[in-house]
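Text of final39.tsv (TSV, C-alpha atoms and all ligand atoms) as supplied:
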```tsv
chain	number	residue	atom	x	y	z
A	1	MET	CA	105.11	100.27	106.34
A	2	TRP	CA	107.43	100.83	103.38
A	3	ASP	CA	109.83	98.11	104.50
A	4	GLU	CA	107.03	95.66	104.99
A	5	MET	CA	105.48	96.44	101.61
A	6	THR	CA	108.70	96.40	99.58
A	7	GLN	CA	110.98	93.85	101.27
A	8	SER	CA	111.70	90.72	99.28
A	9	GLU	CA	114.10	87.85	99.84
A	10	THR	CA	114.20	87.26	96.07
A	11	ALA	CA	115.04	90.91	95.39
A	12	ARG	CA	117.84	90.77	97.95
A	13	LYS	CA	119.29	87.59	96.49
A	14	HIS	CA	119.28	89.02	92.98
A	15	GLY	CA	120.43	92.50	93.94
A	16	ILE	CA	117.21	94.11	92.70
A	17	VAL	CA	116.22	97.48	94.12
A	18	ASN	CA	112.48	97.03	94.62
A	19	GLU	CA	111.65	100.74	94.78
A	20	PRO	CA	108.10	101.93	94.03
A	21	GLY	CA	107.55	105.07	91.97
A	22	ARG	CA	105.19	107.91	92.89
A	23	GLU	CA	101.99	106.27	91.59
A	24	GLU	CA	102.85	102.94	93.14
A	25	ARG	CA	103.59	104.59	96.49
A	26	ALA	CA	100.17	106.24	96.41
A	27	ALA	CA	98.55	102.88	95.69
A	28	ILE	CA	100.47	101.19	98.52
A	29	GLU	CA	99.37	103.89	100.94
A	30	GLU	CA	95.72	103.40	99.96
A	31	LEU	CA	96.00	99.63	100.27
A	32	VAL	CA	97.57	99.87	103.73
A	33	LYS	CA	95.22	102.56	105.02
A	34	ARG	CA	91.93	101.32	103.60
A	35	THR	CA	92.41	97.56	103.56
A	36	LEU	CA	95.37	96.17	105.49
A	37	GLN	CA	95.10	98.28	108.64
A	38	PRO	CA	91.35	97.68	109.08
A	39	LEU	CA	91.93	94.00	108.33
A	40	ARG	CA	94.61	93.79	111.03
A	41	LEU	CA	92.37	95.50	113.55
A	42	ALA	CA	89.45	93.23	112.75
A	43	TYR	CA	91.54	90.04	112.69
A	44	GLY	CA	93.19	90.90	115.99
A	45	ARG	CA	96.30	88.81	115.39
A	46	PRO	CA	99.55	89.46	113.56
A	47	ILE	CA	99.47	89.37	109.76
A	48	ARG	CA	102.76	88.92	107.94
A	49	ILE	CA	103.06	90.36	104.43
A	50	SER	CA	105.06	87.86	102.36
A	51	SER	CA	104.87	89.97	99.19
A	52	GLY	CA	103.64	93.52	98.62
A	53	TYR	CA	104.92	95.83	95.88
A	54	ARG	CA	106.96	94.15	93.14
A	55	CYS	CA	108.88	95.98	90.44
A	56	ARG	CA	108.53	94.30	87.03
A	57	GLU	CA	111.81	92.47	87.30
A	58	LEU	CA	110.99	91.06	90.73
A	59	ASN	CA	107.50	90.09	89.60
A	60	ARG	CA	108.98	88.18	86.68
A	61	LEU	CA	111.47	86.41	88.96
A	62	VAL	CA	108.78	85.23	91.37
A	63	GLY	CA	106.63	84.03	88.46
A	64	GLY	CA	103.88	86.62	88.92
A	65	SER	CA	101.40	87.38	86.16
A	66	PRO	CA	102.53	90.30	83.94
A	67	LYS	CA	99.27	92.01	84.87
A	68	SER	CA	99.70	91.35	88.59
A	69	GLN	CA	98.35	94.08	90.84
A	70	HIS	CA	101.54	93.69	92.89
A	71	ILE	CA	103.33	95.67	90.14
A	72	LYS	CA	101.01	98.62	90.69
A	73	GLY	CA	101.37	98.50	94.46
A	74	GLU	CA	97.73	97.46	94.71
A	75	ALA	CA	98.19	93.99	96.23
A	76	ALA	CA	99.64	92.21	99.23
A	77	ASP	CA	99.91	88.55	100.20
A	78	CYS	CA	98.89	88.03	103.83
A	79	VAL	CA	100.23	85.11	105.82
A	80	VAL	CA	98.38	84.11	108.99
A	81	GLY	CA	97.61	80.95	110.94
A	82	ASP	CA	94.29	80.46	109.15
A	83	ALA	CA	93.91	82.26	105.84
A	84	SER	CA	90.28	81.11	105.43
A	85	ARG	CA	89.39	82.86	108.65
A	86	LEU	CA	91.16	86.00	107.45
A	87	LEU	CA	88.99	85.98	104.30
A	88	GLY	CA	85.90	85.59	106.49
A	89	VAL	CA	86.95	88.61	108.55
A	90	LEU	CA	87.61	90.66	105.39
A	91	LEU	CA	84.08	89.97	104.16
A	92	ALA	CA	82.26	90.22	107.49
A	93	HIS	CA	83.73	93.62	108.35
A	94	GLN	CA	82.90	95.24	105.01
A	95	ILE	CA	86.55	96.13	104.47
A	96	PRO	CA	87.11	97.57	100.98
A	97	PHE	CA	89.01	95.41	98.49
A	98	ASP	CA	89.15	94.76	94.77
A	99	GLN	CA	90.11	91.10	94.63
A	100	ALA	CA	90.79	88.49	97.29
A	101	ILE	CA	92.38	85.18	96.36
A	102	LEU	CA	92.51	82.49	99.04
A	103	TYR	CA	95.27	79.94	98.51
A	104	ARG	CA	94.01	77.14	100.71
A	105	LYS	CA	96.95	74.77	100.64
A	106	ARG	CA	99.67	77.40	100.82
A	107	ASN	CA	97.51	79.16	103.44
A	108	PHE	CA	97.75	82.80	102.43
A	109	LEU	CA	95.36	85.48	101.26
A	110	HIS	CA	96.16	87.74	98.32
A	111	VAL	CA	94.22	90.97	98.70
A	112	SER	CA	94.14	94.01	96.45
A	113	LEU	CA	92.59	97.45	96.27
A	114	ARG	CA	92.14	99.86	93.36
A	115	SER	CA	91.65	103.58	93.64
A	116	MET	CA	88.09	103.15	92.32
A	117	ARG	CA	85.61	100.58	90.99
A	118	ASN	CA	86.59	97.90	93.45
A	119	ARG	CA	84.96	94.63	92.47
A	120	ARG	CA	84.93	92.70	95.78
A	121	LYS	CA	85.76	89.62	93.77
A	122	VAL	CA	86.63	86.45	95.72
A	123	ILE	CA	88.55	83.53	94.24
A	124	ILE	CA	89.32	80.30	96.10
A	125	MET	CA	92.34	78.32	94.90
A	126	ASP	CA	93.13	74.78	95.98
A	127	ASN	CA	96.89	75.19	95.73
B	1	ZN	ZN	99.50	88.16	95.48
```

Let's see the structure in the file written out as structure tokens.
Ligand SMILES: [Zn+2]
Amino acid sequence: MWDEMTQSETARKHGIVNEPGREERAAIEELVKRTLQPLRLAYGRPIRISSGYRCRELNRLVGGSPKSQHIKGEAADCVVGDASRLLGVLLAHQIPFDQAILYRKRNFLHVSLRSMRNRRKVIIMDN
């Protein structure tokens, strides 16, 4: 789980140690336990995490928003054969999440979870 949620090709290339702190680790654990594991079970096919936790430096390098939930360990980008279907599964199975962003063209689903006050906000992007 930790490898999957912290590995990054960009971090490797730039020699960045993408190591979450205590709070971020707690957030990652919640995200995996409450959102990603149930989503995997419900989807029934492999889900590859292309980006999970990002330290500030890594987030800057990949062009992430300075307020990105990836920095807090609250978000993961899920790559599957059909990201639209994955979003459908997320919604149909009442899996907890804060924000889901479907990138239609790039075919991945960004999904996040907060410790409380999760908004279940869905955004569809054309890129
Ligand atoms: Zn993301």

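Neighbours of His93 (chain A) closer than or equal to 9 Å, with all atoms listed in the file counted and sequence neighbours fewer than 6 positions away skipped, come out as Pro38, Leu39 and Ala42 of chain A.
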
Distance query 10 Å from (102.5, 100.5, 106.1) using only C-alpha atoms, result as a VMD selection string: chain A and resid 1 to 6 28 to 33 36 to 37

Let's have the selection written as an mmCIF file, keeping the file's coordinate frame, with C-alpha atoms.
```cif
data_model
loop_
_atom_site.group_PDB
_atom_site.id
_atom_site.type_symbol
_atom_site.label_atom_id
_atom_site.label_comp_id
_atom_site.auth_asym_id
_atom_site.auth_seq_id
_atom_site.Cartn_x
_atom_site.Cartn_y
_atom_site.Cartn_z
ATOM 1 C CA MET A 1 105.110 100.270 106.340
ATOM 2 C CA TRP A 2 107.430 100.830 103.380
ATOM 3 C CA ASP A 3 109.830 98.110 104.500
ATOM 4 C CA GLU A 4 107.030 95.660 104.990
ATOM 5 C CA MET A 5 105.480 96.440 101.610
ATOM 6 C CA THR A 6 108.700 96.400 99.580
ATOM 7 C CA ILE A 28 100.470 101.190 98.520
ATOM 8 C CA GLU A 29 99.370 103.890 100.940
ATOM 9 C CA GLU A 30 95.720 103.400 99.960
ATOM 10 C CA LEU A 31 96.000 99.630 100.270
ATOM 11 C CA VAL A 32 97.570 99.870 103.730
ATOM 12 C CA LYS A 33 95.220 102.560 105.020
ATOM 13 C CA LEU A 36 95.370 96.170 105.490
ATOM 14 C CA GLN A 37 95.100 98.280 108.640
#
```

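Minimum atom-to-atom distances from A:Ser84, A:Ser51, A:Asn107, A:Asn59 to ligand ZN 1 (chain B) were compared using only C-alpha atoms and all ligand atoms, and the lowest value belongs to A:Ser51.
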
Distance criterion (all atoms listed in the file): nearest to ligand ZN 1 (chain B) out of A:Arg54, A:Arg60, A:His70, A:Arg114: A:His70

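Proximity of A:Leu87, A:Ser50, A:Ile95, A:Glu57 to ligand ZN 1 (chain B), computed with all atoms listed in the file, is greatest for A:Ser50.
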
Selection within 6 Å of ligand ZN 1 (chain B) by all atoms listed in the file, output as a ChimeraX atom specification: /A:76-77,110

Computed interatomic separation between CA of Met116 (chain A) and CA of Gln7 (chain A) (Å): 26.3 Å

Exercise: Ala11 (chain A) partners within 8 Å, all atoms listed in the file, chain neighbours under 6 positions left out, as a PyMOL selection string: chain A and resi 17-18+58

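Picture a line from CA of Lys105 (chain A) to CA of Ile123 (chain A); it runs 13.7 Å.
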
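Proximity ranking of A:Ile101, A:Leu91, A:Val111, A:Val122 relative to Gly52 (chain A) places A:Val111 first, based on only C-alpha atoms.
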
Atomic distance CA of Arg22 (chain A) - CA of Ala100 (chain A), expressed in Å with one decimal: 24.6 Å

Residue contacts of Phe108 (chain A) (6 Å, only C-alpha atoms) excluding same-chain residues fewer than 6 positions away, as a list in words: Cys78, Val79 and Ala83 of chain A

Long-range neighbours of Asp98 (chain A) as a list in words, 8 Å cut-off, only C-alpha atoms, 3 positions minimum in chain: Val111, Ser112, Leu113, Arg114, Arg117, Asn118, Arg119, Arg120 and Lys121 of chain A

Those selected residues, please, written with C-alpha atoms and delivered as a compact mmCIF listing (two decimals), in the frame of the given file.
```
# COMPACT_ATOMS: atom_id res chain seq x y z
CA VAL A 111 94.22 90.97 98.70
CA SER A 112 94.14 94.01 96.45
CA LEU A 113 92.59 97.45 96.27
CA ARG A 114 92.14 99.86 93.36
CA ARG A 117 85.61 100.58 90.99
CA ASN A 118 86.59 97.90 93.45
CA ARG A 119 84.96 94.63 92.47
CA ARG A 120 84.93 92.70 95.78
CA LYS A 121 85.76 89.62 93.77
```

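Closest to Ile71 (chain A) among A:Leu109, A:Cys55, A:Ile124, A:Ile16 is A:Cys55, based on all atoms listed in the file.
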
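If you measure from each of A:Met125, A:Ala75, A:Ala26, A:Leu61 to Arg106 (chain A) using only C-alpha atoms, the closest one turns out to be A:Met125.
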
Neighbour list for Arg45 (chain A) as a PDB file with C-alpha atoms, keeping the file's coordinate frame, cut-off 10 Å, all atoms listed in the file, skip fewer than 5 positions in-chain:
```
ATOM      1  CA  LEU A  39      91.930  94.000 108.330  1.00  0.00           C
ATOM      2  CA  ARG A  40      94.610  93.790 111.030  1.00  0.00           C
ATOM      3  CA  VAL A  80      98.380  84.110 108.990  1.00  0.00           C
ATOM      4  CA  GLY A  81      97.610  80.950 110.940  1.00  0.00           C
ATOM      5  CA  LEU A  86      91.160  86.000 107.450  1.00  0.00           C
TER       6      LEU A  86
END
```
